[in-house]
Each structure stands twice: as structure tokens, then as C-alpha cells.
Amino acid sequence: MATPCQFPRLPDATQLSLSMLLCANVAVAQFAPGARTAGDPYLPAIGNGGYDVQHYDLTIHYDPVANTMVSMADITIRATQGLSEFSLDLRGFPGATVEIDGVAVGAAQEGNKLIVTPAVGIAEDRVFHAVVSYSGRPSSIQDPDGSLEGWVRIPQGGFVVNEPMGAMGWFPNNNVPSDKATYDFHITVPTTHTALGNGELVSRIDHGDGTATWNWHMGLPMSSYLSTSTVGLFDYTKTSSATTRGASGNPLEIYNALESTLPAAQKDAAARAVGHQEAIINFIASEIGAPYPFDSAGVVLHRNSLGYALEVQTKAHLSSIPIPLPLLAHEIAHQWFGNCVGPATWREIWFMEAWAMWWEWHWDNRQNGNAATVEQRFADNYQATAEPSRWDTPPADLPDASQLFDDFPVYTRPAMMIEAYRQIVGDSTFFAFQRALLTEYAYNSISGAQLVALARRLAQERSGFEASHLAQLDEFFQQWLYARGKPTLTPTTFFRQLPPRLAIRFISANELEIGWPLAGVEFLLEESGDLSPALWTPVPLSPIVTDGQARVSLVPPTGDRFYRLRRD
Ligand SMILES: [Zn+2]
């Protein structure tokens, strides 16, 4: 709220200038620069504060021979504070200019930040358009682990994969997973080429001058690390599924783009592999009981030196052949876990890889004929004695960003944790947990603490977990996510280390065993010969206090006796 300007009585001219000065000071107090970081624990340089992006409308004219672009990003932004300046992640493109709602504003490149300075402050909650015009050569980015991402050059184009921060190599954005937005892409390339944005193809306009514009629409929120604008020479197909429906309920659209220059036999094999997408999608959707979360799917395949695949939203990008079907299942599972429900920060990369690996294993066993069950994979991985140091890295507390994609701590161990949780709470709770994740965090992000809280809640509501079980579950997640070393809590040990739940059973005709989960609590054991109306009388030796377990000798009963535990 603005503070009214107050100024002392002075001669008129002085009063005027002083009042302007004071009001200007008030205005400055309302507007402050947005933070030039989103505070990511592993990648603190990326992301920006003070705003929330709603939509990116990207117009890209790309020359695949020169590998240069002339582009414009119309970004719809809501200010979350009064902004005197804000920043966008953008690498390269010196000379980028910016307009805000049609008015040219200050723009300066500082490192990988485009600093935007409007002439007047932007009020909190205001929704505005920042239009960035930029041109030059899009870039690939080397990650802390040495791998490449971003606009990766391929012959005749660019293979565009952005995890975790490659997006800033080709368009200005808030380059953190938590700031999701919808997208439109208008990519103009030679008519010989295919341009692939996320989501569904709205139109392809042939300009009659040897170029065409591919218009793609991604109408459901997406993190910028999942965006793409891959351009190349592809065998491109679009089909509408007869068996599978997308998030809107319409037939799922499937867009595949296979490298045109693949030898015929390899191209045929790749086409057969990507033909499994619908079956995999239908399997996962029916097992979870939650529909595929987007309106399209597809595979973009082009051989290159990246050495990895990425779950680009609606269009998995694969960089080598042959295509292993479990890998395809992994990338498809990511559309639910990672893309629909994403990581809050890069600290939660284990979240999406846990689910993608679990589904890869489960699908491989259940639909792909692999004899190894997920239970077996857990046991094998847990019992393996090679490389004991692999347990030293906690998934949610990696030493630094160079380990973001380390196989055991980020993929295998979190998937084992998810499988252990399944065995502990049972299938019914486990799949309800997945549905709850997909309902409560749909098209949003989740933190580790939120995942644990939800897992706990489902265990309590659906598996009858009591206080001691919930405390044990907290310890379980603590060990598997945050602690160095090999977790000791597993499906085998989880209940062994707990007192049994409240139970009374006869050991012999005159001896009862009583177990209950609350240690140190006093109970009264009563007996009666009749339930209604019962005259309960205390059994000798009551009340009973032990650490959760007791044996009670009974006077040999005559006729039927009933026993009950009562807590005073
Ligand atoms: Zn993955």
C-alpha cells in the first residue's frame, strides 16, 4: 500500500520539487529488483525471482545450414512483487531488445542473465507482456557433469533437449522447473525440414518461398527444461490413436520423427519400437488408474553424440539406436512423473527418476516378458556387495551438481525406495498414493517433504498405520533419501523392528499373548462370560504395562470367555 506523500510548508516552488522527490522515494520503495536467482540448491545461478511466467509465445526463424536464428519471445508474466527490474535466463544473443506492453525498455546482458529495466516500476500482480527480440546462434550448454544439452547441433539442424538449463541457450526464460507455463511455437524452416515443438500441431503454413512455419501448441503447463524446438531432416508422421485418449478426452495424437538418413533396416526397427507407445501408455494409465496427462505423445529420434535420452514433454527425444523398449517405457512414465508432477528444485531429481525407473522395471516385467519382478530387482540391488561406496551418496543431498545424473543415487536407490514403500503399505495403498500425487500435484511441482507427507497420509488412511508405524515410515524416508550409507529399514525389517499392532491371541487354553503399538501405556485386561450385557471384570495381574507385549496366565475358564483390553 502506498504511503501518502507528506511535505512541510515551504515556498511554492520548493514545495513542488520536494514533494516530487518524496513521492519518488515512496515509489522506489514499492518497486525492487527481482532476485537474479531462484535459489536452487545445486544450480544457484539459474532462475529468477519476482515474477511467475504464464505463457511463452516463441517465434523462431531458423536457418539450419548457418545454424542461426532470428527470434522473438512474447512472454506473459505476472509480477509477484513490485518490480523495478527483473531478469531472464538467456545465454548469448548480445543485442537482444525488450518491449513491455509495446514500450521499449532497458535491456542488458550480464553473463547468462538478460536484465530488463522498465522506465516505471511494474506493480505487484500486474500481468504484462515482455517481448524479447533476439538473433544469432543458439548454443549448447555443458553441464556440471560434462554432458551437453540445449541447442545441440546435428547435420541440417538442432536437436533440442534442455535438462537442466539448456533452454536459456535458445530462448529467454525463467530456467527453473517450478515456474511452469503454457507455450506456443511458430518455427519457420525450409520446407525440406521438420520443426518439432511440444504439444499438438496447430498448422503448418507453407509460405511458397521455400519456407514453412510449424505452429505447435502446448496448452498444459510445462517446465522450460522440457521444452523443445528440434529442427532436422526427419521422416515425420502424425496419427490419431484409435485406442488411447489424451488428457482432454480426445483421441491421443502421436507425432513421430525418425532421422531420415537412418539405413532402411534400422529405420524399420525404430518404427516398430515407437509403435509400442500406445500399448505402454495404456498399460501405465490402467495400472495407476489415471489417464495419460497430455493430449499428445511421440518420439523424436536422431543419432548424435549426447549419449542419453530425455523425456521432453509429449515428445521423448532419443539419441541412439536401437531403441530399447524399457527405455521407451521409462520416458513415457516420465510424462506422469517429472512432466505432469515435476520437481520443485533440482534437489528433487530423484523424485522423477524413482518413478520412471520403477515403471520401467514394472512394465518390463509385466508387459515385456522380463522374468525379473520389481521385488526381485529390489532384492538384487539391496544384496549386491560390489561397490559398497555406492550407498554413500544420499539421493536428496547430493554433494554437488556434477552428480545430478549419477545412476545409483539418483535412479536406482530412489526406485528401490518406492518399491520398498509398495511392499510395506501394499498395492492398494501404493497405487492410491500415485493417484493422489497425480491429483494433488497435477501440472505442478512437489518437494521431498510434500512427497513424504503424502506417503505418510496414505499409509495412515488406507493401510491403518498407527503412530509407531508412521514414525518408522519417517525414519524409512530419512534413511533412503537423506542419509549416507545403506538403509537398514526395508520391507523385511520394517515391521520386525516394531511392536505388533494391537492384538490378543491365545497361546494355549489358559495363556494370552497381548501386543500393542504404544509402549509404556497402561491397559486393563478384562474378562466376561457374556457380551451383552457384559459384566466385565479385571483379570488378575491387570493393569498391564510393558513395552508393547505381554503374556497373561488365565484362570482356566468354564464355558466361553471374552477378553478385552481397556485403556483407562
Ligand atoms: Zn529418467
# chains A, B, ... in the order shown; residues from 1 in each chain; ligands from 1

$ residues_near_ligand --ligand "ligand 1" --cutoff "8 Å" --atoms "only C-alpha atoms and all ligand atoms" --output "ChimeraX atom specification"
/A:310-311,330-331,334,352-353,356-357,411

$ residues_around --residues "segment 119-126 of chain A" --least-positions-apart "3" --cutoff "9 Å" --atoms "only C-alpha atoms" --output "count of residues only"
19

$ residues_around --residues "segment 128-134 of chain A" --least-positions-apart "6" --cutoff "9 Å" --atoms "only C-alpha atoms" --output "compact mmCIF listing (two decimals) with N, CA and C atoms, in the first residue's frame"
# COMPACT_ATOMS: atom_id res chain seq x y z
N MET A 69 19.45 -18.08 -35.89
CA MET A 69 18.02 -17.81 -35.78
C MET A 69 17.75 -16.32 -35.61
N VAL A 70 16.57 -15.91 -36.10
CA VAL A 70 16.03 -14.58 -35.81
C VAL A 70 14.73 -14.85 -35.07
N SER A 71 14.65 -14.44 -33.81
CA SER A 71 13.56 -14.92 -32.97
C SER A 71 12.93 -13.80 -32.15
N MET A 72 11.73 -14.12 -31.70
CA MET A 72 11.02 -13.21 -30.82
C MET A 72 10.26 -14.05 -29.78
N ALA A 73 10.43 -13.71 -28.52
CA ALA A 73 9.72 -14.40 -27.44
C ALA A 73 8.76 -13.42 -26.80
N ASP A 74 7.47 -13.71 -26.94
CA ASP A 74 6.44 -12.87 -26.29
C ASP A 74 6.05 -13.61 -25.00
N ILE A 75 6.51 -13.09 -23.87
CA ILE A 75 6.37 -13.80 -22.60
C ILE A 75 5.32 -13.11 -21.74
N THR A 76 4.28 -13.84 -21.38
CA THR A 76 3.25 -13.30 -20.49
C THR A 76 3.67 -13.57 -19.05
N ILE A 77 3.80 -12.50 -18.30
CA ILE A 77 4.39 -12.59 -16.96
C ILE A 77 3.46 -11.93 -15.94
N ARG A 78 3.34 -12.56 -14.79
CA ARG A 78 2.64 -11.91 -13.66
C ARG A 78 3.68 -11.54 -12.61
N ALA A 79 3.69 -10.25 -12.25
CA ALA A 79 4.64 -9.80 -11.22
C ALA A 79 4.18 -10.31 -9.86
N PHE A 93 23.30 -14.19 -27.63
CA PHE A 93 22.37 -13.23 -28.22
C PHE A 93 22.61 -11.80 -27.72
N PRO A 94 23.85 -11.30 -27.80
CA PRO A 94 24.06 -9.90 -27.44
C PRO A 94 23.22 -9.02 -28.36
N GLY A 95 22.73 -7.93 -27.85
CA GLY A 95 21.90 -7.05 -28.67
C GLY A 95 20.42 -7.36 -28.58
N ALA A 96 20.01 -8.31 -27.70
CA ALA A 96 18.59 -8.57 -27.51
C ALA A 96 17.89 -7.30 -27.04
N THR A 97 16.72 -7.02 -27.60
CA THR A 97 15.96 -5.85 -27.18
C THR A 97 14.64 -6.30 -26.57
N VAL A 98 14.07 -5.45 -25.72
CA VAL A 98 12.87 -5.83 -24.99
C VAL A 98 11.83 -4.71 -25.04
N GLU A 99 10.58 -5.10 -25.25
CA GLU A 99 9.46 -4.18 -25.09
C GLU A 99 8.54 -4.76 -24.01
N ILE A 100 7.99 -3.86 -23.19
CA ILE A 100 6.98 -4.29 -22.22
C ILE A 100 5.67 -3.63 -22.60
N ASP A 101 4.69 -4.44 -22.90
CA ASP A 101 3.39 -3.96 -23.37
C ASP A 101 3.56 -2.90 -24.47
N GLY A 102 4.47 -3.17 -25.39
CA GLY A 102 4.63 -2.33 -26.57
C GLY A 102 5.58 -1.16 -26.39
N ILE A 122 6.85 -1.95 -12.23
CA ILE A 122 5.73 -2.84 -12.56
C ILE A 122 5.08 -3.25 -11.25
N PHE A 171 16.16 -19.54 -25.91
CA PHE A 171 15.12 -18.52 -25.68
C PHE A 171 15.18 -18.00 -24.25
N PRO A 172 14.78 -16.73 -24.06
CA PRO A 172 14.82 -16.16 -22.71
C PRO A 172 13.71 -16.76 -21.87

$ residues_around --residues "Ile254 of chain A" --least-positions-apart "3" --cutoff "8 Å" --atoms "only C-alpha atoms" --output "list in words"
Thr237, Lys238, Thr239, Ser240, Ser241, Ser296, Ala297 and Gly298 of chain A

$ write_last_selection --atoms "N, CA and C atoms" --output "compact mmCIF listing (two decimals), in the first residue's frame"
# COMPACT_ATOMS: atom_id res chain seq x y z
N THR A 237 5.61 -38.37 -38.98
CA THR A 237 4.25 -38.89 -39.10
C THR A 237 3.38 -38.34 -37.98
N LYS A 238 2.14 -38.14 -38.30
CA LYS A 238 1.15 -37.76 -37.29
C LYS A 238 -0.01 -38.74 -37.38
N THR A 239 -0.37 -39.35 -36.26
CA THR A 239 -1.52 -40.25 -36.26
C THR A 239 -2.41 -39.93 -35.06
N SER A 240 -3.62 -40.39 -35.17
CA SER A 240 -4.58 -40.21 -34.08
C SER A 240 -4.87 -41.61 -33.55
N SER A 241 -4.72 -41.82 -32.24
CA SER A 241 -4.85 -43.17 -31.70
C SER A 241 -6.30 -43.64 -31.70
N SER A 296 -0.98 -35.37 -26.42
CA SER A 296 -0.21 -35.99 -27.49
C SER A 296 1.01 -36.68 -26.91
N ALA A 297 1.58 -37.53 -27.74
CA ALA A 297 2.79 -38.25 -27.38
C ALA A 297 3.64 -38.36 -28.64
N GLY A 298 4.85 -38.92 -28.48
CA GLY A 298 5.67 -39.10 -29.67
C GLY A 298 7.13 -39.31 -29.34

$ closest_residue --among "A:Pro138, A:Gly559, A:Gly426, A:Pro44" --to "Leu90 of chain A" --atoms "only C-alpha atoms"
A:Pro138

$ closest_residue --among "A:Pro293, A:Ala415, A:Leu328, A:Leu404" --to "Thr439 of chain A" --atoms "only C-alpha atoms"
A:Pro293

$ closest_residue --among "A:Thr385, A:Ser463, A:Gln376, A:Ser305" --to "Ser320 of chain A" --atoms "only C-alpha atoms"
A:Ser305

$ residues_around --residues "segment 508-512 of chain A" --least-positions-apart "6" --cutoff "12 Å" --atoms "only C-alpha atoms" --output "ChimeraX atom specification"
/A:525,527,539,549-565

$ closest_residue --among "A:Leu325, A:Leu114, A:Leu301, A:Ile504" --to "Tyr255 of chain A" --atoms "only C-alpha atoms"
A:Leu301

$ decode --residues "segment 379-505 of chain A" --atoms "C-alpha atoms" --output "PDB file, in the first residue's frame"
ATOM      1  CA  ALA A 379      16.424 -57.685  -3.542  1.00  0.00           C
ATOM      2  CA  ASP A 380      19.233 -57.996  -6.089  1.00  0.00           C
ATOM      3  CA  ASN A 381      20.244 -54.371  -5.732  1.00  0.00           C
ATOM      4  CA  TYR A 382      19.996 -54.463  -1.955  1.00  0.00           C
ATOM      5  CA  GLN A 383      22.037 -57.630  -1.582  1.00  0.00           C
ATOM      6  CA  ALA A 384      24.704 -56.809  -4.166  1.00  0.00           C
ATOM      7  CA  THR A 385      28.013 -56.439  -2.383  1.00  0.00           C
ATOM      8  CA  ALA A 386      30.044 -54.808  -5.151  1.00  0.00           C
ATOM      9  CA  GLU A 387      30.872 -51.151  -4.750  1.00  0.00           C
ATOM     10  CA  PRO A 388      29.648 -50.565  -1.208  1.00  0.00           C
ATOM     11  CA  SER A 389      30.555 -46.902  -1.637  1.00  0.00           C
ATOM     12  CA  ARG A 390      27.559 -46.534  -3.963  1.00  0.00           C
ATOM     13  CA  TRP A 391      25.458 -46.127  -0.808  1.00  0.00           C
ATOM     14  CA  ASP A 392      27.472 -43.126   0.351  1.00  0.00           C
ATOM     15  CA  THR A 393      25.543 -40.565  -1.705  1.00  0.00           C
ATOM     16  CA  PRO A 394      22.061 -39.677  -0.398  1.00  0.00           C
ATOM     17  CA  PRO A 395      19.596 -39.055  -3.265  1.00  0.00           C
ATOM     18  CA  ALA A 396      18.207 -35.842  -1.794  1.00  0.00           C
ATOM     19  CA  ASP A 397      21.513 -34.463  -0.643  1.00  0.00           C
ATOM     20  CA  LEU A 398      23.985 -34.808  -3.496  1.00  0.00           C
ATOM     21  CA  PRO A 399      27.378 -33.237  -2.847  1.00  0.00           C
ATOM     22  CA  ASP A 400      27.115 -31.063  -5.958  1.00  0.00           C
ATOM     23  CA  ALA A 401      25.511 -30.647  -9.385  1.00  0.00           C
ATOM     24  CA  SER A 402      28.071 -32.874 -11.102  1.00  0.00           C
ATOM     25  CA  GLN A 403      26.196 -35.852  -9.579  1.00  0.00           C
ATOM     26  CA  LEU A 404      22.713 -34.826 -10.759  1.00  0.00           C
ATOM     27  CA  PHE A 405      22.536 -37.767 -13.146  1.00  0.00           C
ATOM     28  CA  ASP A 406      24.527 -40.370 -11.208  1.00  0.00           C
ATOM     29  CA  ASP A 407      22.940 -43.724 -11.817  1.00  0.00           C
ATOM     30  CA  PHE A 408      22.780 -45.372  -8.401  1.00  0.00           C
ATOM     31  CA  PRO A 409      21.909 -42.484  -6.047  1.00  0.00           C
ATOM     32  CA  VAL A 410      19.550 -40.650  -8.410  1.00  0.00           C
ATOM     33  CA  TYR A 411      17.905 -43.535 -10.299  1.00  0.00           C
ATOM     34  CA  THR A 412      18.302 -46.949  -8.681  1.00  0.00           C
ATOM     35  CA  ARG A 413      18.222 -46.175  -4.958  1.00  0.00           C
ATOM     36  CA  PRO A 414      15.112 -43.929  -5.162  1.00  0.00           C
ATOM     37  CA  ALA A 415      13.340 -46.562  -7.301  1.00  0.00           C
ATOM     38  CA  MET A 416      14.213 -49.151  -4.647  1.00  0.00           C
ATOM     39  CA  MET A 417      12.730 -46.835  -2.012  1.00  0.00           C
ATOM     40  CA  ILE A 418       9.477 -46.563  -3.951  1.00  0.00           C
ATOM     41  CA  GLU A 419       9.345 -50.362  -4.319  1.00  0.00           C
ATOM     42  CA  ALA A 420      10.049 -50.839  -0.613  1.00  0.00           C
ATOM     43  CA  TYR A 421       7.201 -48.457   0.181  1.00  0.00           C
ATOM     44  CA  ARG A 422       4.924 -50.556  -2.059  1.00  0.00           C
ATOM     45  CA  GLN A 423       5.801 -53.726  -0.196  1.00  0.00           C
ATOM     46  CA  ILE A 424       5.358 -52.024   3.183  1.00  0.00           C
ATOM     47  CA  VAL A 425       1.945 -50.420   2.556  1.00  0.00           C
ATOM     48  CA  GLY A 426       0.593 -52.885  -0.014  1.00  0.00           C
ATOM     49  CA  ASP A 427      -0.503 -52.498  -3.650  1.00  0.00           C
ATOM     50  CA  SER A 428      -3.825 -50.846  -2.972  1.00  0.00           C
ATOM     51  CA  THR A 429      -2.271 -48.011  -0.957  1.00  0.00           C
ATOM     52  CA  PHE A 430       0.680 -47.788  -3.326  1.00  0.00           C
ATOM     53  CA  PHE A 431      -1.463 -47.106  -6.399  1.00  0.00           C
ATOM     54  CA  ALA A 432      -3.743 -44.786  -4.411  1.00  0.00           C
ATOM     55  CA  PHE A 433      -0.580 -42.893  -3.479  1.00  0.00           C
ATOM     56  CA  GLN A 434       0.269 -42.458  -7.164  1.00  0.00           C
ATOM     57  CA  ARG A 435      -3.251 -41.246  -7.953  1.00  0.00           C
ATOM     58  CA  ALA A 436      -3.067 -38.792  -5.045  1.00  0.00           C
ATOM     59  CA  LEU A 437       0.260 -37.458  -6.333  1.00  0.00           C
ATOM     60  CA  LEU A 438      -1.224 -37.009  -9.795  1.00  0.00           C
ATOM     61  CA  THR A 439      -4.351 -35.336  -8.451  1.00  0.00           C
ATOM     62  CA  GLU A 440      -2.924 -33.087  -5.785  1.00  0.00           C
ATOM     63  CA  TYR A 441       0.207 -32.007  -7.658  1.00  0.00           C
ATOM     64  CA  ALA A 442      -1.026 -32.167 -11.264  1.00  0.00           C
ATOM     65  CA  TYR A 443       0.812 -29.778 -13.599  1.00  0.00           C
ATOM     66  CA  ASN A 444       2.704 -28.544 -10.590  1.00  0.00           C
ATOM     67  CA  SER A 445       5.835 -29.312  -8.597  1.00  0.00           C
ATOM     68  CA  ILE A 446       6.496 -31.338  -5.470  1.00  0.00           C
ATOM     69  CA  SER A 447       9.163 -31.162  -2.773  1.00  0.00           C
ATOM     70  CA  GLY A 448      10.646 -34.106  -0.904  1.00  0.00           C
ATOM     71  CA  ALA A 449       8.832 -33.116   2.287  1.00  0.00           C
ATOM     72  CA  GLN A 450       5.499 -32.993   0.439  1.00  0.00           C
ATOM     73  CA  LEU A 451       6.068 -36.453  -1.032  1.00  0.00           C
ATOM     74  CA  VAL A 452       6.876 -37.930   2.378  1.00  0.00           C
ATOM     75  CA  ALA A 453       3.825 -36.238   3.936  1.00  0.00           C
ATOM     76  CA  LEU A 454       1.563 -37.685   1.250  1.00  0.00           C
ATOM     77  CA  ALA A 455       3.094 -41.178   1.552  1.00  0.00           C
ATOM     78  CA  ARG A 456       2.518 -40.967   5.292  1.00  0.00           C
ATOM     79  CA  ARG A 457      -1.077 -39.826   4.913  1.00  0.00           C
ATOM     80  CA  LEU A 458      -1.959 -42.644   2.526  1.00  0.00           C
ATOM     81  CA  ALA A 459      -0.319 -45.214   4.816  1.00  0.00           C
ATOM     82  CA  GLN A 460      -2.409 -43.893   7.691  1.00  0.00           C
ATOM     83  CA  GLU A 461      -5.689 -43.617   5.785  1.00  0.00           C
ATOM     84  CA  ARG A 462      -5.506 -46.790   3.734  1.00  0.00           C
ATOM     85  CA  SER A 463      -3.088 -49.152   5.463  1.00  0.00           C
ATOM     86  CA  GLY A 464      -4.114 -48.398   9.039  1.00  0.00           C
ATOM     87  CA  PHE A 465      -0.693 -47.163  10.109  1.00  0.00           C
ATOM     88  CA  GLU A 466      -0.613 -46.017  13.730  1.00  0.00           C
ATOM     89  CA  ALA A 467       1.758 -43.612  15.434  1.00  0.00           C
ATOM     90  CA  SER A 468       4.672 -46.012  15.788  1.00  0.00           C
ATOM     91  CA  HIS A 469       4.341 -47.161  12.158  1.00  0.00           C
ATOM     92  CA  LEU A 470       4.276 -43.558  10.966  1.00  0.00           C
ATOM     93  CA  ALA A 471       7.364 -42.742  12.993  1.00  0.00           C
ATOM     94  CA  GLN A 472       9.002 -45.770  11.417  1.00  0.00           C
ATOM     95  CA  LEU A 473       7.946 -44.533   7.971  1.00  0.00           C
ATOM     96  CA  ASP A 474       9.544 -41.152   8.682  1.00  0.00           C
ATOM     97  CA  GLU A 475      12.739 -42.945   9.620  1.00  0.00           C
ATOM     98  CA  PHE A 476      12.453 -45.067   6.455  1.00  0.00           C
ATOM     99  CA  PHE A 477      12.329 -41.994   4.171  1.00  0.00           C
ATOM    100  CA  GLN A 478      15.039 -40.299   6.199  1.00  0.00           C
ATOM    101  CA  GLN A 479      17.358 -43.267   5.636  1.00  0.00           C
ATOM    102  CA  TRP A 480      16.579 -43.732   1.959  1.00  0.00           C
ATOM    103  CA  LEU A 481      16.583 -40.076   0.901  1.00  0.00           C
ATOM    104  CA  TYR A 482      18.788 -38.067   3.187  1.00  0.00           C
ATOM    105  CA  ALA A 483      21.240 -40.362   4.957  1.00  0.00           C
ATOM    106  CA  ARG A 484      24.654 -41.535   3.828  1.00  0.00           C
ATOM    107  CA  GLY A 485      25.068 -45.272   3.962  1.00  0.00           C
ATOM    108  CA  LYS A 486      22.923 -48.293   3.241  1.00  0.00           C
ATOM    109  CA  PRO A 487      19.414 -48.022   4.702  1.00  0.00           C
ATOM    110  CA  THR A 488      18.563 -50.652   7.291  1.00  0.00           C
ATOM    111  CA  LEU A 489      14.802 -50.200   7.024  1.00  0.00           C
ATOM    112  CA  THR A 490      13.492 -52.444   4.253  1.00  0.00           C
ATOM    113  CA  PRO A 491      10.238 -54.344   3.706  1.00  0.00           C
ATOM    114  CA  THR A 492      11.841 -57.199   5.638  1.00  0.00           C
ATOM    115  CA  THR A 493      12.901 -55.207   8.675  1.00  0.00           C
ATOM    116  CA  PHE A 494      10.206 -52.549   8.733  1.00  0.00           C
ATOM    117  CA  PHE A 495       7.684 -54.446  10.847  1.00  0.00           C
ATOM    118  CA  ARG A 496      10.231 -56.609  12.652  1.00  0.00           C
ATOM    119  CA  GLN A 497      11.542 -53.543  14.417  1.00  0.00           C
ATOM    120  CA  LEU A 498       8.057 -52.525  15.514  1.00  0.00           C
ATOM    121  CA  PRO A 499       5.858 -53.956  18.236  1.00  0.00           C
ATOM    122  CA  PRO A 500       2.922 -55.780  16.719  1.00  0.00           C
ATOM    123  CA  ARG A 501      -0.274 -53.885  16.265  1.00  0.00           C
ATOM    124  CA  LEU A 502      -2.930 -54.274  18.967  1.00  0.00           C
ATOM    125  CA  ALA A 503      -3.624 -57.999  19.111  1.00  0.00           C
ATOM    126  CA  ILE A 504      -4.777 -60.579  21.594  1.00  0.00           C
ATOM    127  CA  ARG A 505      -4.260 -64.238  20.884  1.00  0.00           C
TER     128      ARG A 505
END
